[in-house]
$ cat data_31.cif   # mmCIF, C-alpha atoms
data_protein
loop_
_atom_site.label_atom_id
_atom_site.label_comp_id
_atom_site.auth_asym_id
_atom_site.auth_seq_id
_atom_site.Cartn_x
_atom_site.Cartn_y
_atom_site.Cartn_z
CA MET F 1 183.88 44.59 -168.77
CA VAL F 2 180.26 43.54 -168.53
CA THR F 3 178.18 43.33 -171.72
CA GLU F 4 174.53 44.19 -172.21
CA ARG F 5 173.83 40.56 -173.03
CA GLN F 6 175.35 39.37 -169.72
CA VAL F 7 173.11 41.83 -167.90
CA TRP F 8 169.95 40.57 -169.66
CA GLU F 9 170.97 36.98 -168.91
CA ALA F 10 171.51 37.80 -165.24
CA LEU F 11 168.15 39.57 -165.03
CA GLY F 12 166.51 36.60 -166.76
CA GLU F 13 167.50 34.47 -163.75
CA ILE F 14 165.67 36.64 -161.22
CA PRO F 15 162.25 35.19 -160.43
CA ASP F 16 159.26 37.42 -159.78
CA PRO F 17 159.01 37.42 -155.96
CA GLU F 18 155.28 36.72 -155.96
CA ILE F 19 155.05 34.51 -159.07
CA PRO F 20 158.39 32.64 -159.00
CA VAL F 21 157.58 30.56 -162.12
CA ILE F 22 158.32 33.63 -164.24
CA SER F 23 161.42 35.85 -164.46
CA LEU F 24 161.50 39.64 -164.44
CA VAL F 25 162.54 39.55 -168.10
CA ASP F 26 159.60 37.27 -169.01
CA LEU F 27 157.30 39.59 -167.09
CA GLY F 28 158.40 42.43 -169.37
CA VAL F 29 159.09 44.88 -166.56
CA ILE F 30 162.69 45.63 -167.60
CA ARG F 31 162.26 48.59 -169.91
CA SER F 32 165.89 49.19 -170.78
CA VAL F 33 169.46 48.17 -170.00
CA ASP F 34 172.19 50.68 -170.69
CA VAL F 35 175.83 49.70 -170.17
CA SER F 36 178.36 52.48 -170.08
CA GLY F 37 181.79 51.37 -168.88
CA GLU F 38 181.31 50.03 -165.35
CA GLN F 39 177.92 51.66 -164.98
CA VAL F 40 174.79 49.63 -165.67
CA ARG F 41 171.59 51.60 -165.74
CA ILE F 42 168.34 49.65 -165.63
CA GLU F 43 164.89 51.15 -166.01
CA PHE F 44 162.05 49.03 -164.77
CA THR F 45 158.34 49.54 -164.42
CA PRO F 46 156.14 48.19 -161.63
CA THR F 47 153.25 45.95 -162.67
CA PHE F 48 150.86 47.49 -160.14
CA LEU F 49 151.82 50.67 -158.27
CA GLY F 50 150.94 49.15 -154.90
CA CYS F 51 152.97 46.02 -155.58
CA PRO F 52 154.81 45.17 -152.35
CA ALA F 53 157.43 43.26 -154.34
CA LEU F 54 158.81 46.45 -155.89
CA GLU F 55 161.68 46.93 -153.44
CA VAL F 56 162.49 43.21 -153.46
CA MET F 57 162.80 43.31 -157.27
CA ARG F 58 164.97 46.42 -157.20
CA ASP F 59 167.29 44.95 -154.56
CA ALA F 60 167.57 41.63 -156.44
CA MET F 61 168.57 43.46 -159.63
CA THR F 62 171.08 45.64 -157.80
CA GLU F 63 172.64 42.57 -156.22
CA ARG F 64 172.90 40.62 -159.49
CA ILE F 65 174.48 43.49 -161.37
CA ALA F 66 176.98 44.11 -158.58
CA ALA F 67 177.83 40.38 -158.68
CA LEU F 68 178.83 40.84 -162.34
CA GLY F 69 181.39 43.37 -161.16
CA ALA F 70 179.50 46.42 -162.43
CA LYS F 71 177.98 49.44 -160.72
CA PRO F 72 174.19 49.18 -160.77
CA ASP F 73 171.79 52.10 -161.08
CA VAL F 74 168.23 50.76 -160.97
CA GLN F 75 165.50 53.30 -161.69
CA VAL F 76 161.80 52.71 -161.06
CA ILE F 77 159.73 54.31 -163.82
CA THR F 78 156.09 54.93 -162.92
CA ASP F 79 154.81 55.73 -166.38
CA ASP F 80 152.32 53.90 -168.55
CA SER F 81 154.80 51.82 -170.56
CA TRP F 82 154.02 48.44 -168.97
CA SER F 83 150.98 46.41 -169.81
CA THR F 84 150.35 42.68 -169.62
CA ASP F 85 150.88 42.59 -173.40
CA ARG F 86 154.60 42.90 -172.56
CA ILE F 87 154.73 39.48 -170.92
CA THR F 88 156.74 37.30 -173.33
CA PRO F 89 155.20 34.24 -175.07
CA ALA F 90 157.55 32.04 -173.01
CA GLY F 91 156.41 33.86 -169.86
CA ARG F 92 152.75 33.30 -170.71
CA GLU F 93 153.36 29.58 -171.13
CA LYS F 94 155.23 29.41 -167.80
CA LEU F 95 152.32 31.14 -166.07
CA ARG F 96 149.83 28.68 -167.56
CA ALA F 97 151.97 25.66 -166.65
CA GLY F 98 152.21 27.07 -163.12
CA GLY F 99 148.39 27.13 -162.82
CA LEU F 100 147.97 30.87 -163.34
CA ALA F 101 145.91 31.66 -166.46
CA PRO F 102 147.82 34.18 -168.61
CA PRO F 103 146.19 37.56 -169.33
CA THR F 104 144.06 37.98 -172.43
CA PRO F 105 145.52 40.45 -174.95
CA ARG F 106 144.56 44.02 -174.19
CA ALA F 107 141.74 45.04 -176.53
CA ASN F 108 141.19 48.67 -177.49
CA GLY F 109 139.97 50.59 -174.47
CA GLY F 110 140.98 47.95 -171.92
CA PRO F 111 138.99 45.36 -170.01
CA GLN F 112 135.22 45.53 -169.55
CA LEU F 113 133.01 43.86 -166.95
CA VAL F 114 130.93 42.13 -169.61
CA GLN F 115 134.13 40.55 -170.95
CA LEU F 116 135.18 39.29 -167.49
CA GLN F 117 131.76 37.72 -167.16
CA SER F 118 132.03 36.05 -170.58
CA ASN F 119 133.69 32.79 -171.62
CA ALA F 120 136.82 34.42 -173.05
CA PHE F 121 139.00 32.87 -170.34
CA ARG F 122 140.46 29.38 -170.41
CA CYS F 123 141.08 27.15 -167.42
CA PRO F 124 144.88 26.67 -167.11
CA TYR F 125 144.38 23.08 -165.94
CA CYS F 126 141.97 21.56 -168.49
CA GLY F 127 141.77 24.25 -171.19
CA SER F 128 137.96 24.59 -170.99
CA ARG F 129 136.35 27.96 -171.69
CA ASP F 130 133.43 27.13 -169.42
CA THR F 131 134.73 29.34 -166.62
CA ALA F 132 133.02 31.91 -164.39
CA LEU F 133 134.23 35.03 -162.63
CA GLU F 134 134.35 34.48 -158.87
CA ASN F 135 136.09 37.68 -157.82
CA ILE F 136 137.66 40.54 -159.78
CA PHE F 137 140.27 40.65 -157.00
CA GLY F 138 142.50 37.92 -155.66
CA PRO F 139 145.51 37.14 -153.49
CA THR F 140 147.66 39.81 -155.19
CA PRO F 141 146.60 42.96 -157.10
CA CYS F 142 147.46 41.36 -160.45
CA ARG F 143 145.09 38.39 -160.13
CA SER F 144 141.38 37.64 -160.35
CA VAL F 145 139.75 34.42 -159.18
CA ARG F 146 137.71 32.28 -161.59
CA TYR F 147 136.03 28.88 -161.39
CA CYS F 148 136.21 26.16 -164.03
CA ARG F 149 132.87 24.38 -164.42
CA SER F 150 134.47 21.58 -166.46
CA CYS F 151 137.12 20.38 -164.04
CA ARG F 152 135.40 22.01 -161.06
CA GLN F 153 138.39 23.86 -159.78
CA PRO F 154 138.96 27.46 -158.86
CA PHE F 155 141.94 29.07 -160.57
CA GLU F 156 143.75 32.39 -160.64
CA GLN F 157 143.60 34.59 -163.71
CA PHE F 158 146.28 37.21 -164.41
CA LYS F 159 144.42 40.48 -164.94
CA THR F 160 144.72 42.20 -168.30
CA LEU F 161 146.32 45.55 -167.58
CA MET X 1 152.07 70.61 -162.67
CA ASN X 2 150.63 72.17 -159.58
CA ALA X 3 151.76 70.14 -156.55
CA GLN X 4 148.56 71.08 -154.72
CA ALA X 5 146.44 69.30 -157.34
CA LEU X 6 148.61 66.19 -156.98
CA LEU X 7 148.27 66.37 -153.20
CA GLU X 8 144.48 66.57 -153.40
CA LEU X 9 144.39 63.35 -155.41
CA ALA X 10 147.10 61.65 -153.32
CA ASP X 11 145.34 62.53 -150.05
CA ASP X 12 142.05 61.16 -151.36
CA GLU X 13 143.70 57.89 -152.37
CA LEU X 14 145.63 57.51 -149.11
CA ILE X 15 142.66 58.18 -146.84
CA LEU X 16 140.27 56.07 -148.89
CA GLY X 17 142.88 53.30 -148.91
CA TRP X 18 142.85 53.41 -145.12
CA ARG X 19 139.06 53.44 -144.95
CA ASN X 20 138.81 50.51 -147.35
CA SER X 21 141.35 48.56 -145.33
CA GLU X 22 139.03 48.82 -142.31
CA TRP X 23 136.95 46.10 -144.00
CA THR X 24 139.83 43.62 -143.97
CA GLY X 25 138.67 40.66 -141.94
CA ILE X 26 135.13 41.92 -141.31
CA ALA X 27 133.42 42.39 -144.69
CA PRO X 28 129.99 40.76 -145.01
CA LEU X 29 131.32 38.36 -147.67
CA LEU X 30 134.72 36.71 -147.83
CA GLU X 31 135.06 37.78 -151.48
CA GLU X 32 134.60 41.40 -150.45
CA ASP X 33 137.21 41.02 -147.76
CA VAL X 34 139.65 40.18 -150.57
CA ALA X 35 138.29 42.89 -152.89
CA PHE X 36 138.38 45.80 -150.45
CA SER X 37 141.82 44.79 -149.17
CA SER X 38 143.14 44.68 -152.72
CA ILE X 39 141.52 48.01 -153.64
CA ALA X 40 143.03 49.54 -150.49
CA GLN X 41 146.48 48.30 -151.52
CA ASN X 42 146.08 49.82 -154.99
CA GLU X 43 144.86 53.18 -153.65
CA ILE X 44 147.77 53.47 -151.23
CA GLY X 45 150.15 52.52 -154.06
CA HIS X 46 148.69 55.34 -156.17
CA ALA X 47 149.05 57.74 -153.25
CA ARG X 48 152.71 56.81 -152.88
CA ALA X 49 153.50 57.43 -156.56
CA LEU X 50 151.60 60.74 -156.53
CA TYR X 51 153.31 61.91 -153.32
CA GLU X 52 156.67 61.10 -154.89
CA LEU X 53 155.94 63.41 -157.82
CA ALA X 54 154.64 66.16 -155.54
CA ALA X 55 157.58 65.71 -153.15
CA ARG X 56 160.08 66.37 -155.92
CA GLU X 57 158.38 69.65 -156.72
CA LEU X 58 158.09 70.64 -153.04
CA GLY X 59 161.59 69.52 -152.01
CA THR X 60 160.42 66.93 -149.48
CA THR X 61 159.72 63.16 -149.39
CA ALA X 62 156.64 61.03 -150.01
CA ASP X 63 156.62 59.78 -146.41
CA GLU X 64 156.78 63.31 -145.02
CA LEU X 65 153.85 64.35 -147.18
CA ALA X 66 151.84 61.28 -146.23
CA PHE X 67 152.48 61.29 -142.50
CA ASP X 68 154.17 64.44 -141.21
CA ARG X 69 151.52 67.03 -142.03
CA SER X 70 148.89 68.00 -139.50
CA PRO X 71 145.31 66.83 -140.18
CA GLU X 72 144.26 70.36 -141.23
CA GLU X 73 146.84 70.35 -144.02
CA TYR X 74 145.33 67.37 -145.84
CA ARG X 75 143.35 68.25 -148.96
CA CYS X 76 141.15 65.16 -149.04
CA SER X 77 137.42 65.14 -149.70
CA LYS X 78 134.88 64.69 -146.89
CA LEU X 79 133.61 61.66 -148.80
CA VAL X 80 136.76 59.66 -148.07
CA GLN X 81 137.08 60.88 -144.48
CA LEU X 82 133.89 59.19 -143.28
CA ARG X 83 134.34 56.11 -141.16
CA LEU X 84 131.55 53.91 -142.50
CA VAL X 85 132.17 50.54 -140.82
CA PRO X 86 129.83 48.66 -140.27
CA ASP X 87 127.51 50.31 -142.84
CA TRP X 88 127.99 48.18 -145.96
CA ALA X 89 125.34 49.96 -148.10
CA SER X 90 127.01 53.34 -147.53
CA THR X 91 130.44 51.84 -148.17
CA VAL X 92 129.36 50.53 -151.56
CA ALA X 93 127.66 53.89 -152.30
CA ARG X 94 130.88 55.75 -151.49
CA HIS X 95 132.85 53.34 -153.66
CA CYS X 96 130.50 54.01 -156.62
CA ILE X 97 130.53 57.81 -156.16
CA TYR X 98 134.28 57.97 -155.68
CA GLU X 99 135.21 55.82 -158.66
CA ARG X 100 133.01 57.86 -160.99
CA ALA X 101 134.36 61.21 -159.78
CA ASP X 102 137.92 59.89 -159.77
CA GLN X 103 137.60 58.72 -163.38
CA ALA X 104 136.83 62.25 -164.59
CA ARG X 105 139.78 63.64 -162.65
CA ILE X 106 142.20 60.97 -163.92
CA GLU X 107 141.05 61.49 -167.51
CA ALA X 108 141.88 65.19 -167.18
CA LEU X 109 145.33 64.41 -165.72
CA LYS X 110 146.09 62.05 -168.63
CA GLU X 111 145.90 65.12 -170.86
CA ALA X 112 148.22 67.13 -168.59
CA GLY X 113 151.07 68.98 -170.29
CA ASP X 114 153.51 67.43 -167.81
CA ALA X 115 154.55 64.08 -169.32
CA GLU X 116 155.37 62.49 -165.95
CA VAL X 117 151.97 63.37 -164.50
CA ALA X 118 150.16 62.22 -167.65
CA GLY X 119 152.10 58.93 -167.70
CA LEU X 120 151.37 58.21 -164.05
CA ALA X 121 147.69 59.10 -164.49
CA ALA X 122 147.46 56.65 -167.40
CA LYS X 123 149.04 53.90 -165.29
CA ILE X 124 146.70 54.61 -162.39
CA ASP X 125 143.75 54.53 -164.77
CA ARG X 126 144.59 50.98 -165.92
CA GLU X 127 144.28 49.80 -162.32
CA GLU X 128 141.23 51.90 -161.53
CA ALA X 129 139.40 50.20 -164.42
CA TYR X 130 139.09 47.16 -162.13
CA HIS X 131 137.79 49.28 -159.23
CA ARG X 132 135.17 50.73 -161.57
CA MET X 133 134.08 47.28 -162.75
CA HIS X 134 133.76 46.18 -159.14
CA ALA X 135 131.68 49.29 -158.31
CA GLU X 136 129.55 48.73 -161.41
CA MET X 137 128.84 45.14 -160.38
CA TRP X 138 127.68 46.27 -156.96
CA SER X 139 125.59 49.17 -158.22
CA VAL X 140 123.67 46.71 -160.41
CA ARG X 141 123.25 44.31 -157.53
CA LEU X 142 121.97 46.96 -155.11
CA LYS X 143 120.10 49.24 -157.49
CA ASN X 144 116.72 48.52 -155.88
CA GLU X 145 117.99 48.46 -152.32
CA PRO X 146 116.64 51.53 -150.48
CA ARG X 147 119.57 51.71 -148.04
CA PHE X 148 121.94 51.92 -151.01
CA THR X 149 119.97 54.53 -152.99
CA ALA X 150 119.48 56.68 -149.88
CA ALA X 151 123.23 56.55 -149.18
CA LEU X 152 124.02 57.56 -152.77
CA ALA X 153 121.85 60.67 -152.45
CA GLU X 154 123.29 61.56 -149.07
CA LEU X 155 126.98 61.08 -149.91
CA GLU X 156 127.11 62.41 -153.46
CA PRO X 157 127.59 66.12 -152.53
CA LEU X 158 130.51 65.35 -150.20
CA PHE X 159 133.10 64.67 -152.91
CA ASP X 160 133.69 68.36 -153.60
CA GLU X 161 133.82 69.38 -149.93
CA ARG X 162 137.46 69.81 -148.99
CA ASP X 163 137.81 73.01 -147.00
CA GLU X 164 136.54 71.78 -143.66
CA HIS X 165 137.44 68.42 -142.22
CA LEU X 166 135.38 65.97 -140.20
CA PRO X 167 136.55 65.10 -136.66
CA GLU X 168 136.95 61.50 -137.79
CA LEU X 169 139.83 62.52 -140.06
CA THR X 170 141.78 63.56 -136.97
CA GLU X 171 141.00 60.22 -135.34
CA LEU X 172 142.22 58.39 -138.41
CA TRP X 173 145.32 60.59 -138.58
CA GLU X 174 146.16 59.74 -134.95
CA GLU X 175 146.09 56.06 -135.80
CA MET X 176 147.77 56.39 -139.19
CA THR X 177 150.77 58.36 -137.91
CA MET X 178 151.06 56.74 -134.48
CA VAL X 179 154.10 54.59 -135.22
CA ARG X 180 155.88 57.32 -137.12
CA ARG X 181 155.32 59.87 -134.34
CA SER X 182 156.43 57.39 -131.67
CA LEU X 183 159.98 57.45 -133.02
CA ALA X 184 160.40 60.73 -134.86
CA GLY X 185 163.31 60.69 -137.25
CA ALA X 186 163.83 56.93 -137.11
CA THR X 187 164.82 55.18 -140.30
CA TRP X 188 163.63 51.67 -140.96
#

$ encode --input "data_31.cif" --output "structure tokens"
Amino acid sequence: MVTERQVWEALGEIPDPEIPVISLVDLGVIRSVDVSGEQVRIEFTPTFLGCPALEVMRDAMTERIAALGAKPDVQVITDDSWSTDRITPAGREKLRAGGLAPPTPRANGGPQLVQLQSNAFRCPYCGSRDTALENIFGPTPCRSVRYCRSCRQPFEQFKTL
Amino acid sequence: MNAQALLELADDELILGWRNSEWTGIAPLLEEDVAFSSIAQNEIGHARALYELAARELGTTADELAFDRSPEEYRCSKLVQLRLVPDWASTVARHCIYERADQARIEALKEAGDAEVAGLAAKIDREEAYHRMHAEMWSVRLKNEPRFTAALAELEPLFDERDEHLPELTELWEEMTMVRRSLAGATW
């Protein structure tokens, strides 16, 4: 009989398909795990609705749960329960170490242009706050592109959502 | 929730997503190539989630709603139907007009009695915040550019026009549904 803890551990080994330094559990997208006999029901929330990795994540979870000998039921929940504040502290550190600046905490009312253009963002390489917004958008929907004036490198910034 | 209201929003997002994607590879700045491609991906993602909700109510599927209706059945605004390539000033003007009008609509949906619709609207709104910031940045940059201000005045009234379609919607529809029509009933 599979336990809830085994399920969380298995899910913690699945890397995000687009940001493999972080697991789905660290990303905070697993909303709930419910074990009932052989059935394992997982509710997970997409980061961005247009995320092309959605199906890949769902299939990876289904496969892992089946490998534990249980019957998976993975549900995609498109409500408002995920925000970047749900990324775990360990996940944030893994992002930074991987060269992707972690999101700033979500302030009341969400992000503002004036904030993106301010020095509230640290370079993940040298830690300087002397960074500039290059592009609100980046290689995936969840990232912006910034430039560090101290170490003169562009870097990717996880958007606050 | 009225499925027709969801379809109106979903059709706008799908068609605008397609129009925005027409800038992929040819925008006047590399950064805008990235931006419009990313915005297009978000809009089409929103359309998919909205079609899924509407499909449940109508007893069909999101793909059928997106691709198996005839052009006349779409409920999208004339504003999003326009093919604007290579007119960058008009494209930015449309972006600004659309994001403002869309914000009001999304805010109203967040208050909807239907919890699923309200939850989805709130999620969409988090993403749209970045589209609005991008539009805001451009409207500041181009505020004294006559081609931009003229386009704003010309395009503004089109958002509420939905009853008649432009011929270019049919052209887009032909392209958008070409693969699906070529092998009707195929599963991939």

$ interface_residues --input "data_31.cif" --of "chain F" --to "chain X" --cutoff "6 Å" --atoms "only C-alpha atoms" --output "list in words"
Leu49, Gly50, Thr78, Asp79, Asp80, Leu113, Phe137, Pro141 and Leu161 of chain F

$ residues_around --input "data_31.cif" --residues "Glu154 of chain X" --least-positions-apart "5" --cutoff "10 Å" --atoms "only C-alpha atoms" --output "ChimeraX atom specification"
/X:90,93-94,148-149

$ closest_residue --input "data_31.cif" --among "F:Gly69, F:Val40, F:Glu13, F:Ala90" --to "Met57 of chain F" --atoms "all atoms listed in the file"
F:Glu13

$ residues_around --input "data_31.cif" --residues "Tyr98 of chain X" --least-positions-apart "4" --cutoff "8 Å" --atoms "only C-alpha atoms" --output "PDB file with C-alpha atoms, keeping the file's coordinate frame"
ATOM      1  CA  LEU X  79     133.610  61.660-148.800  1.00  0.00           C
ATOM      2  CA  ARG X  94     130.880  55.750-151.490  1.00  0.00           C
ATOM      3  CA  ASP X 102     137.920  59.890-159.770  1.00  0.00           C
ATOM      4  CA  PHE X 159     133.100  64.670-152.910  1.00  0.00           C
TER       5      PHE X 159
END

$ resolve_selection --input "data_31.cif" --expression "the PyMOL selection byres ((chain X and resi 165-172) around 7)" --output "NGL selection string"
:X and (71 or 78 or 81-83 or 162-164 or 173-176)

$ atom_distance --input "data_31.cif" --atom1 "atom CA of Arg69 of chain X" --atom2 "atom CA of Ala101 of chain X"
25.4 Å

$ residues_around --input "data_31.cif" --residues "Ala132 of chain F" --least-positions-apart "6" --cutoff "8 Å" --atoms "only C-alpha atoms" --output "list in words"
Gln117, Ser118, Asn119, Arg146, Tyr147, Cys148 and Arg149 of chain F

$ atom_distance --input "data_31.cif" --atom1 "atom CA of Ala55 of chain X" --atom2 "atom CA of Cys51 of chain F"
20.4 Å

$ residues_near_point --input "data_31.cif" --point "(144.3, 35.7, -166.1)" --cutoff "6 Å" --atoms "all atoms listed in the file" --output "list in words"
Ala101, Pro102, Pro103, Gln157, Phe158 and Lys159 of chain F

$ resolve_selection --input "data_31.cif" --expression "the PyMOL selection byres ((chain X and resi 58-67) around 8)" --output "tab-separated table (two decimals) with C-alpha atoms, in the coordinates of the input"
chain	number	residue	atom	x	y	z
X	3	ALA	CA	151.76	70.14	-156.55
X	11	ASP	CA	145.34	62.53	-150.05
X	14	LEU	CA	145.63	57.51	-149.11
X	48	ARG	CA	152.71	56.81	-152.88
X	51	TYR	CA	153.31	61.91	-153.32
X	52	GLU	CA	156.67	61.10	-154.89
X	54	ALA	CA	154.64	66.16	-155.54
X	55	ALA	CA	157.58	65.71	-153.15
X	56	ARG	CA	160.08	66.37	-155.92
X	57	GLU	CA	158.38	69.65	-156.72
X	68	ASP	CA	154.17	64.44	-141.21
X	69	ARG	CA	151.52	67.03	-142.03
X	176	MET	CA	147.77	56.39	-139.19
X	177	THR	CA	150.77	58.36	-137.91
X	180	ARG	CA	155.88	57.32	-137.12

$ atom_distance --input "data_31.cif" --atom1 "atom CA of Pro111 of chain F" --atom2 "atom CA of Asp160 of chain X"
28.7 Å

$ closest_residue --input "data_31.cif" --among "X:Cys76, X:Ala5, X:Val85, X:Leu183" --to "Arg19 of chain X" --atoms "only C-alpha atoms"
X:Val85

$ residues_around --input "data_31.cif" --residues "Gly127 of chain F" --least-positions-apart "4" --cutoff "10 Å" --atoms "all atoms listed in the file" --output "list of chain:residue names"
F:Arg96, F:Ala101, F:Phe121, F:Arg122, F:Cys123, F:Thr131, F:Cys148, F:Ser150, F:Cys151

$ residues_around --input "data_31.cif" --residues "Trp82 of chain F" --least-positions-apart "6" --cutoff "8 Å" --atoms "all atoms listed in the file" --output "ChimeraX atom specification"
/F:28-29,45-47

$ resolve_selection --input "data_31.cif" --expression "the PyMOL selection byres ((chain X and resi 92) around 9)" --output "mmCIF file with C-alpha atoms, in the coordinates of the input"
data_model
loop_
_atom_site.group_PDB
_atom_site.id
_atom_site.type_symbol
_atom_site.label_atom_id
_atom_site.label_comp_id
_atom_site.auth_asym_id
_atom_site.auth_seq_id
_atom_site.Cartn_x
_atom_site.Cartn_y
_atom_site.Cartn_z
ATOM 1 C CA ASP X 87 127.510 50.310 -142.840
ATOM 2 C CA TRP X 88 127.990 48.180 -145.960
ATOM 3 C CA ALA X 89 125.340 49.960 -148.100
ATOM 4 C CA SER X 90 127.010 53.340 -147.530
ATOM 5 C CA THR X 91 130.440 51.840 -148.170
ATOM 6 C CA ALA X 93 127.660 53.890 -152.300
ATOM 7 C CA ARG X 94 130.880 55.750 -151.490
ATOM 8 C CA HIS X 95 132.850 53.340 -153.660
ATOM 9 C CA CYS X 96 130.500 54.010 -156.620
ATOM 10 C CA ILE X 97 130.530 57.810 -156.160
ATOM 11 C CA ALA X 135 131.680 49.290 -158.310
ATOM 12 C CA TRP X 138 127.680 46.270 -156.960
ATOM 13 C CA SER X 139 125.590 49.170 -158.220
ATOM 14 C CA LEU X 142 121.970 46.960 -155.110
ATOM 15 C CA PHE X 148 121.940 51.920 -151.010
ATOM 16 C CA ALA X 151 123.230 56.550 -149.180
ATOM 17 C CA LEU X 152 124.020 57.560 -152.770
#

$ build_atoms --input "data_31.cif" --residues "segment 155-177 of chain X" --atoms "N, CA and C atoms" --output "mmCIF file, in the frame of the given file"
data_model
loop_
_atom_site.group_PDB
_atom_site.id
_atom_site.type_symbol
_atom_site.label_atom_id
_atom_site.label_comp_id
_atom_site.auth_asym_id
_atom_site.auth_seq_id
_atom_site.Cartn_x
_atom_site.Cartn_y
_atom_site.Cartn_z
ATOM 1 N N LEU X 155 125.522 60.933 -149.840
ATOM 2 C CA LEU X 155 126.980 61.080 -149.910
ATOM 3 C C LEU X 155 127.482 61.837 -151.142
ATOM 4 N N GLU X 156 126.691 61.815 -152.188
ATOM 5 C CA GLU X 156 127.110 62.410 -153.460
ATOM 6 C C GLU X 156 127.714 63.821 -153.325
ATOM 7 N N PRO X 157 127.055 64.743 -152.583
ATOM 8 C CA PRO X 157 127.590 66.120 -152.530
ATOM 9 C C PRO X 157 128.929 66.241 -151.804
ATOM 10 N N LEU X 158 129.319 65.212 -151.056
ATOM 11 C CA LEU X 158 130.510 65.350 -150.200
ATOM 12 C C LEU X 158 131.832 65.335 -150.968
ATOM 13 N N PHE X 159 131.830 64.805 -152.188
ATOM 14 C CA PHE X 159 133.100 64.670 -152.910
ATOM 15 C C PHE X 159 133.816 66.009 -153.082
ATOM 16 N N ASP X 160 133.051 67.055 -153.351
ATOM 17 C CA ASP X 160 133.690 68.360 -153.600
ATOM 18 C C ASP X 160 133.946 69.168 -152.336
ATOM 19 N N GLU X 161 133.605 68.633 -151.177
ATOM 20 C CA GLU X 161 133.820 69.380 -149.930
ATOM 21 C C GLU X 161 135.202 69.054 -149.359
ATOM 22 N N ARG X 162 136.082 70.031 -149.415
ATOM 23 C CA ARG X 162 137.460 69.810 -148.990
ATOM 24 C C ARG X 162 137.986 70.837 -148.011
ATOM 25 N N ASP X 163 137.253 71.919 -147.809
ATOM 26 C CA ASP X 163 137.810 73.010 -147.000
ATOM 27 C C ASP X 163 137.739 72.733 -145.502
ATOM 28 N N GLU X 164 136.643 72.115 -145.081
ATOM 29 C CA GLU X 164 136.540 71.780 -143.660
ATOM 30 C C GLU X 164 136.656 70.271 -143.514
ATOM 31 N N HIS X 165 137.282 69.849 -142.426
ATOM 32 C CA HIS X 165 137.440 68.420 -142.220
ATOM 33 C C HIS X 165 136.491 67.906 -141.159
ATOM 34 N N LEU X 166 136.208 66.613 -141.221
ATOM 35 C CA LEU X 166 135.380 65.970 -140.200
ATOM 36 C C LEU X 166 136.290 65.550 -139.035
ATOM 37 N N PRO X 167 135.727 65.520 -137.815
ATOM 38 C CA PRO X 167 136.550 65.100 -136.660
ATOM 39 C C PRO X 167 137.132 63.702 -136.861
ATOM 40 N N GLU X 168 136.433 62.861 -137.624
ATOM 41 C CA GLU X 168 136.950 61.500 -137.790
ATOM 42 C C GLU X 168 138.231 61.433 -138.630
ATOM 43 N N LEU X 169 138.538 62.509 -139.360
ATOM 44 C CA LEU X 169 139.830 62.520 -140.060
ATOM 45 C C LEU X 169 140.966 62.605 -139.039
ATOM 46 N N THR X 170 140.752 63.437 -138.007
ATOM 47 C CA THR X 170 141.780 63.560 -136.970
ATOM 48 C C THR X 170 141.990 62.232 -136.253
ATOM 49 N N GLU X 171 140.884 61.541 -135.991
ATOM 50 C CA GLU X 171 141.000 60.220 -135.340
ATOM 51 C C GLU X 171 141.787 59.246 -136.206
ATOM 52 N N LEU X 172 141.495 59.272 -137.494
ATOM 53 C CA LEU X 172 142.220 58.390 -138.410
ATOM 54 C C LEU X 172 143.701 58.777 -138.462
ATOM 55 N N TRP X 173 143.944 60.076 -138.517
ATOM 56 C CA TRP X 173 145.320 60.590 -138.580
ATOM 57 C C TRP X 173 146.123 60.135 -137.367
ATOM 58 N N GLU X 174 145.491 60.182 -136.188
ATOM 59 C CA GLU X 174 146.160 59.740 -134.950
ATOM 60 C C GLU X 174 146.645 58.297 -135.105
ATOM 61 N N GLU X 175 145.777 57.482 -135.653
ATOM 62 C CA GLU X 175 146.090 56.060 -135.800
ATOM 63 C C GLU X 175 147.146 55.859 -136.895
ATOM 64 N N MET X 176 146.947 56.566 -138.011
ATOM 65 C CA MET X 176 147.770 56.390 -139.190
ATOM 66 C C MET X 176 149.228 56.820 -138.964
ATOM 67 N N THR X 177 149.425 57.811 -138.110
ATOM 68 C CA THR X 177 150.770 58.360 -137.910
ATOM 69 C C THR X 177 151.372 57.940 -136.573
#
